[in-house]
>>> print(open('input.cif').read())   # mmCIF, C-alpha atoms
data_target
loop_
_atom_site.label_atom_id
_atom_site.label_comp_id
_atom_site.auth_asym_id
_atom_site.auth_seq_id
_atom_site.Cartn_x
_atom_site.Cartn_y
_atom_site.Cartn_z
CA MET A 11 -36.54 -23.49 -15.40
CA SER A 12 -33.14 -24.13 -16.92
CA LYS A 13 -30.09 -22.48 -15.44
CA ARG A 14 -26.75 -22.23 -17.17
CA LEU A 15 -23.54 -20.37 -16.72
CA VAL A 16 -22.54 -18.58 -19.86
CA ALA A 17 -18.86 -19.41 -19.33
CA SER A 18 -19.31 -22.76 -21.05
CA SER A 19 -20.25 -20.99 -24.26
CA LEU A 20 -17.81 -18.09 -23.99
CA PRO A 21 -15.07 -17.79 -26.59
CA ASN A 22 -11.51 -18.46 -25.53
CA PHE A 23 -10.35 -15.29 -23.80
CA VAL A 24 -6.64 -16.01 -24.02
CA GLY A 25 -6.23 -13.59 -26.92
CA ILE A 26 -8.22 -10.86 -25.20
CA PHE A 27 -6.21 -11.08 -22.00
CA GLU A 28 -2.83 -11.38 -23.72
CA SER A 29 -3.53 -8.34 -25.87
CA GLY A 30 -4.03 -6.29 -22.71
CA SER A 31 -7.61 -5.39 -23.60
CA ARG A 32 -10.62 -6.44 -21.60
CA PRO A 33 -13.80 -8.23 -22.62
CA PRO A 34 -16.59 -5.96 -23.86
CA SER A 35 -18.69 -4.45 -21.07
CA ASP A 36 -21.88 -5.89 -22.58
CA LEU A 37 -20.54 -9.47 -22.51
CA PRO A 38 -23.14 -11.65 -20.73
CA ILE A 39 -21.73 -13.21 -17.57
CA SER A 40 -24.78 -14.94 -16.10
CA VAL A 41 -27.95 -15.88 -17.96
CA LEU A 42 -31.22 -17.44 -16.90
CA SER A 43 -32.94 -19.64 -19.49
CA ILE A 44 -36.65 -20.30 -19.12
CA PRO A 45 -38.17 -22.77 -21.60
CA GLY A 46 -40.31 -20.99 -24.16
CA ASN A 47 -38.83 -17.58 -23.38
CA GLU A 48 -35.80 -15.61 -24.42
CA PRO A 49 -32.81 -16.00 -22.10
CA ILE A 50 -32.59 -13.29 -19.45
CA VAL A 51 -29.18 -11.76 -18.92
CA LEU A 52 -28.64 -11.31 -15.19
CA SER A 53 -25.17 -9.79 -15.34
CA ARG A 54 -22.79 -8.36 -17.91
CA TYR A 55 -19.02 -7.90 -17.66
CA GLY A 56 -19.31 -4.13 -17.18
CA ASP A 57 -21.84 -4.36 -14.34
CA ASP A 58 -20.90 -3.30 -10.80
CA VAL A 59 -22.63 -6.46 -9.49
CA TRP A 60 -22.46 -9.95 -10.98
CA ASP A 61 -25.50 -11.99 -9.92
CA PHE A 62 -25.21 -15.78 -9.77
CA SER A 63 -28.24 -16.45 -7.56
CA PRO A 64 -29.79 -19.11 -9.83
CA TYR A 65 -26.56 -21.14 -9.77
CA ILE A 66 -26.19 -21.45 -6.02
CA LYS A 67 -27.35 -24.88 -4.88
CA VAL A 68 -28.19 -23.86 -1.30
CA VAL A 69 -31.69 -22.38 -1.40
CA ASN A 70 -31.64 -20.49 1.89
CA ARG A 71 -28.51 -18.43 1.15
CA SER A 72 -28.86 -14.69 1.26
CA ARG A 73 -28.95 -12.82 -2.03
CA GLY A 74 -25.65 -11.15 -1.18
CA ALA A 75 -23.97 -14.56 -0.90
CA SER A 76 -24.66 -15.18 -4.57
CA GLN A 77 -23.43 -11.86 -5.90
CA ILE A 78 -20.07 -10.23 -6.49
CA TYR A 79 -20.06 -6.52 -5.67
CA TRP A 80 -17.11 -5.15 -7.60
CA ASN A 81 -17.02 -1.61 -6.25
CA LYS A 82 -18.16 -2.13 -2.66
CA ARG A 83 -14.68 -1.21 -1.39
CA ASN A 84 -14.17 1.88 -3.59
CA LEU A 85 -11.21 0.34 -5.35
CA CYS A 86 -9.56 2.15 -8.23
CA LYS A 87 -10.82 1.14 -11.66
CA PRO A 88 -7.63 -0.69 -12.75
CA LEU A 89 -7.80 -2.95 -9.68
CA ILE A 90 -11.49 -3.68 -10.30
CA GLU A 91 -10.70 -4.53 -13.92
CA SER A 92 -7.83 -6.78 -12.78
CA CYS A 93 -10.19 -8.57 -10.37
CA LYS A 94 -12.85 -9.03 -13.03
CA ALA A 95 -10.33 -10.38 -15.56
CA ALA A 96 -8.81 -12.79 -13.03
CA THR A 97 -12.24 -13.98 -11.84
CA LEU A 98 -13.49 -14.51 -15.39
CA ALA A 99 -10.33 -16.44 -16.28
CA TYR A 100 -10.58 -18.55 -13.11
CA TRP A 101 -14.23 -19.29 -13.82
CA LYS A 102 -13.68 -19.98 -17.52
CA PHE A 103 -10.57 -22.13 -17.20
CA GLY A 104 -10.53 -23.31 -13.59
CA ALA A 105 -7.58 -23.51 -11.27
CA TYR A 106 -4.17 -24.61 -12.42
CA LYS A 107 -4.02 -28.41 -12.81
CA SER A 108 -7.77 -28.69 -12.23
CA LYS A 109 -9.79 -30.88 -14.55
CA LYS A 110 -12.97 -28.88 -14.15
CA ARG A 111 -14.17 -25.32 -13.80
CA PRO A 112 -15.25 -24.14 -10.36
CA GLU A 113 -18.91 -23.83 -9.48
CA ALA A 114 -20.45 -20.51 -8.47
CA GLY A 115 -20.12 -21.43 -4.80
CA THR A 116 -16.34 -21.63 -5.32
CA PHE A 117 -15.52 -18.71 -7.59
CA ILE A 118 -17.71 -16.18 -5.73
CA PRO A 119 -15.60 -16.54 -2.54
CA PHE A 120 -12.49 -16.48 -4.76
CA ALA A 121 -13.61 -13.12 -6.18
CA ARG A 122 -14.34 -11.76 -2.71
CA ASN A 123 -10.92 -12.82 -1.44
CA LEU A 124 -9.36 -11.32 -4.55
CA LEU A 125 -11.13 -8.06 -3.71
CA ASN A 126 -9.76 -8.25 -0.15
CA PHE A 127 -6.27 -8.67 -1.59
CA SER A 128 -6.92 -5.74 -3.94
CA GLN A 129 -7.99 -3.55 -1.02
CA TRP A 130 -4.75 -4.43 0.75
CA LEU A 131 -2.83 -3.56 -2.44
CA GLN A 132 -4.58 -0.23 -2.83
CA ASP A 133 -3.93 0.64 0.82
CA ARG A 134 -0.23 0.24 -0.01
CA GLY A 135 -0.32 2.37 -3.17
CA ILE A 136 -0.51 -0.46 -5.70
CA SER A 137 -3.06 0.24 -8.41
CA THR A 138 -2.74 -2.68 -10.85
CA PHE A 139 -1.97 -6.38 -10.69
CA ASN A 140 1.00 -5.78 -13.00
CA GLN A 141 2.74 -4.08 -10.05
CA ILE A 142 2.58 -7.23 -7.92
CA ASP A 143 5.94 -8.91 -7.33
CA GLN A 144 7.33 -11.56 -4.98
CA ASP A 145 7.93 -9.02 -2.23
CA THR A 146 4.31 -7.86 -2.45
CA THR A 147 2.88 -11.37 -2.19
CA ALA A 148 5.27 -12.25 0.64
CA ALA A 149 4.21 -9.12 2.53
CA TYR A 150 0.52 -9.99 2.06
CA ALA A 151 1.08 -13.55 3.26
CA ALA A 152 2.95 -12.25 6.32
CA TRP A 153 0.16 -9.72 6.98
CA ILE A 154 -2.46 -12.51 6.89
CA ARG A 155 -0.41 -14.83 9.10
CA HIS A 156 0.46 -12.19 11.68
CA PRO A 157 -0.52 -13.55 15.13
CA ASP A 158 -2.32 -10.32 16.07
CA ARG A 159 -4.60 -10.62 13.04
CA ASP A 160 -8.00 -11.90 14.12
CA ILE A 161 -8.59 -14.16 11.13
CA LYS A 162 -9.74 -17.79 11.42
CA THR A 163 -7.31 -20.37 10.08
CA SER A 164 -9.79 -21.46 7.41
CA SER A 165 -10.19 -17.85 6.26
CA LYS A 166 -6.42 -17.40 6.15
CA GLU A 167 -6.18 -20.45 3.92
CA LEU A 168 -8.78 -19.03 1.51
CA LEU A 169 -7.07 -15.63 1.42
CA LEU A 170 -3.73 -17.29 0.69
CA ALA A 171 -5.33 -19.52 -1.97
CA VAL A 172 -5.92 -16.38 -4.03
CA LEU A 173 -2.17 -15.76 -4.08
CA GLU A 174 -1.55 -19.35 -5.11
CA THR A 175 -4.07 -19.12 -7.93
CA LEU A 176 -2.58 -15.86 -9.20
CA HIS A 177 0.94 -17.30 -8.92
CA GLU A 178 0.02 -20.49 -10.77
CA SER A 179 -1.77 -18.50 -13.48
CA HIS A 180 1.63 -17.15 -14.51
CA ARG A 181 2.64 -20.69 -15.47
CA VAL A 182 -0.22 -21.51 -17.85
CA SER A 183 -1.39 -20.13 -21.16
CA TRP A 184 -4.70 -18.70 -19.88
CA ARG A 185 -2.90 -16.22 -17.62
CA PRO A 186 -4.78 -12.98 -18.06
CA GLN A 187 -2.79 -9.89 -18.78
CA LEU A 188 -4.02 -8.24 -15.64
CA LEU A 189 -4.64 -4.58 -16.19
#
>>> encode(input="input.cif", output="structure tokens")
Amino acid sequence: MSKRLVASSLPNFVGIFESGSRPPSDLPISVLSIPGNEPIVLSRYGDDVWDFSPYIKVVNRSRGASQIYWNKRNLCKPLIESCKAATLAYWKFGAYKSKKRPEAGTFIPFARNLLNFSQWLQDRGISTFNQIDQDTTAAYAAWIRHPDRDIKTSSKELLLAVLETLHESHRVSWRPQLL
């Protein structure tokens, strides 16, 4: 059984993101290729769940650990679209200054932490990534670092890494126009 992530064969999305539009909802995101059979599309851009189970190297992981549930937190549609666009760009192009794209085991936690950030934004009345400014990111960082917050240091680092990735994406050409 051959497994491949479709991102390697995706067109360059710079134009799509810069134009402010989003990829088509039927765009394949994950595909399973079985020799002698037609490829099976596991997930499409418009799906509420993106399934990357065949791409996770650890066999005994739960199914939920290999999926991204976009609307589990009842976020507003513009925030979900912003998260999807940022995750697709991160997966397609990798992190700033990185020489390779992240594996599924890296970008799935990125997407989850991005959703956590989005929940925090929505709780404060922010409905799109375009409304994020320096004060917003500073407030989120302070919220994470607050001593009363029961978050492990390693988790804090991952949550803050999302901010760094979004910040650095402003400096490179693949920066998605986040809806």
>>> atom_distance(input="input.cif", atom1="CA of Trp80 in chain A", atom2="CA of Asp58 in chain A")
5.3 Å
>>> resolve_selection(input="input.cif", expression="the PyMOL selection byres ((chain A and resi 131) around 10)", output="list of chain:residue names")
A:Leu85, A:Leu89, A:Leu125, A:Asn126, A:Phe127, A:Ser128, A:Gln129, A:Trp130, A:Gln132, A:Asp133, A:Arg134, A:Gly135, A:Ile136, A:Ser137, A:Thr138, A:Phe139, A:Gln141, A:Ile142, A:Thr146, A:Thr147, A:Tyr150
>>> residues_near_point(input="input.cif", point="(-10.3, -10.5, -5.9)", cutoff="8 Å", atoms="only C-alpha atoms", output="PDB file with C-alpha atoms, keeping the file's coordinate frame")
ATOM      1  CA  CYS A  93     -10.190  -8.570 -10.370  1.00  0.00           C
ATOM      2  CA  LYS A  94     -12.850  -9.030 -13.030  1.00  0.00           C
ATOM      3  CA  ALA A  96      -8.810 -12.790 -13.030  1.00  0.00           C
ATOM      4  CA  THR A  97     -12.240 -13.980 -11.840  1.00  0.00           C
ATOM      5  CA  PHE A 120     -12.490 -16.480  -4.760  1.00  0.00           C
ATOM      6  CA  ALA A 121     -13.610 -13.120  -6.180  1.00  0.00           C
ATOM      7  CA  ARG A 122     -14.340 -11.760  -2.710  1.00  0.00           C
ATOM      8  CA  ASN A 123     -10.920 -12.820  -1.440  1.00  0.00           C
ATOM      9  CA  LEU A 124      -9.360 -11.320  -4.550  1.00  0.00           C
ATOM     10  CA  LEU A 125     -11.130  -8.060  -3.710  1.00  0.00           C
ATOM     11  CA  ASN A 126      -9.760  -8.250  -0.150  1.00  0.00           C
ATOM     12  CA  PHE A 127      -6.270  -8.670  -1.590  1.00  0.00           C
ATOM     13  CA  SER A 128      -6.920  -5.740  -3.940  1.00  0.00           C
ATOM     14  CA  VAL A 172      -5.920 -16.380  -4.030  1.00  0.00           C
TER      15      VAL A 172
END
>>> atom_distance(input="input.cif", atom1="CA of Lys110 in chain A", atom2="CA of Ala151 in chain A")
27.1 Å
>>> resolve_selection(input="input.cif", expression="the PyMOL selection byres ((chain A and resi 63) around 7)", output="ChimeraX atom specification")
/A:61-62,64-66,73,76-77
>>> atom_distance(input="input.cif", atom1="CA of Ile90 in chain A", atom2="CA of Gly56 in chain A")
10.4 Å
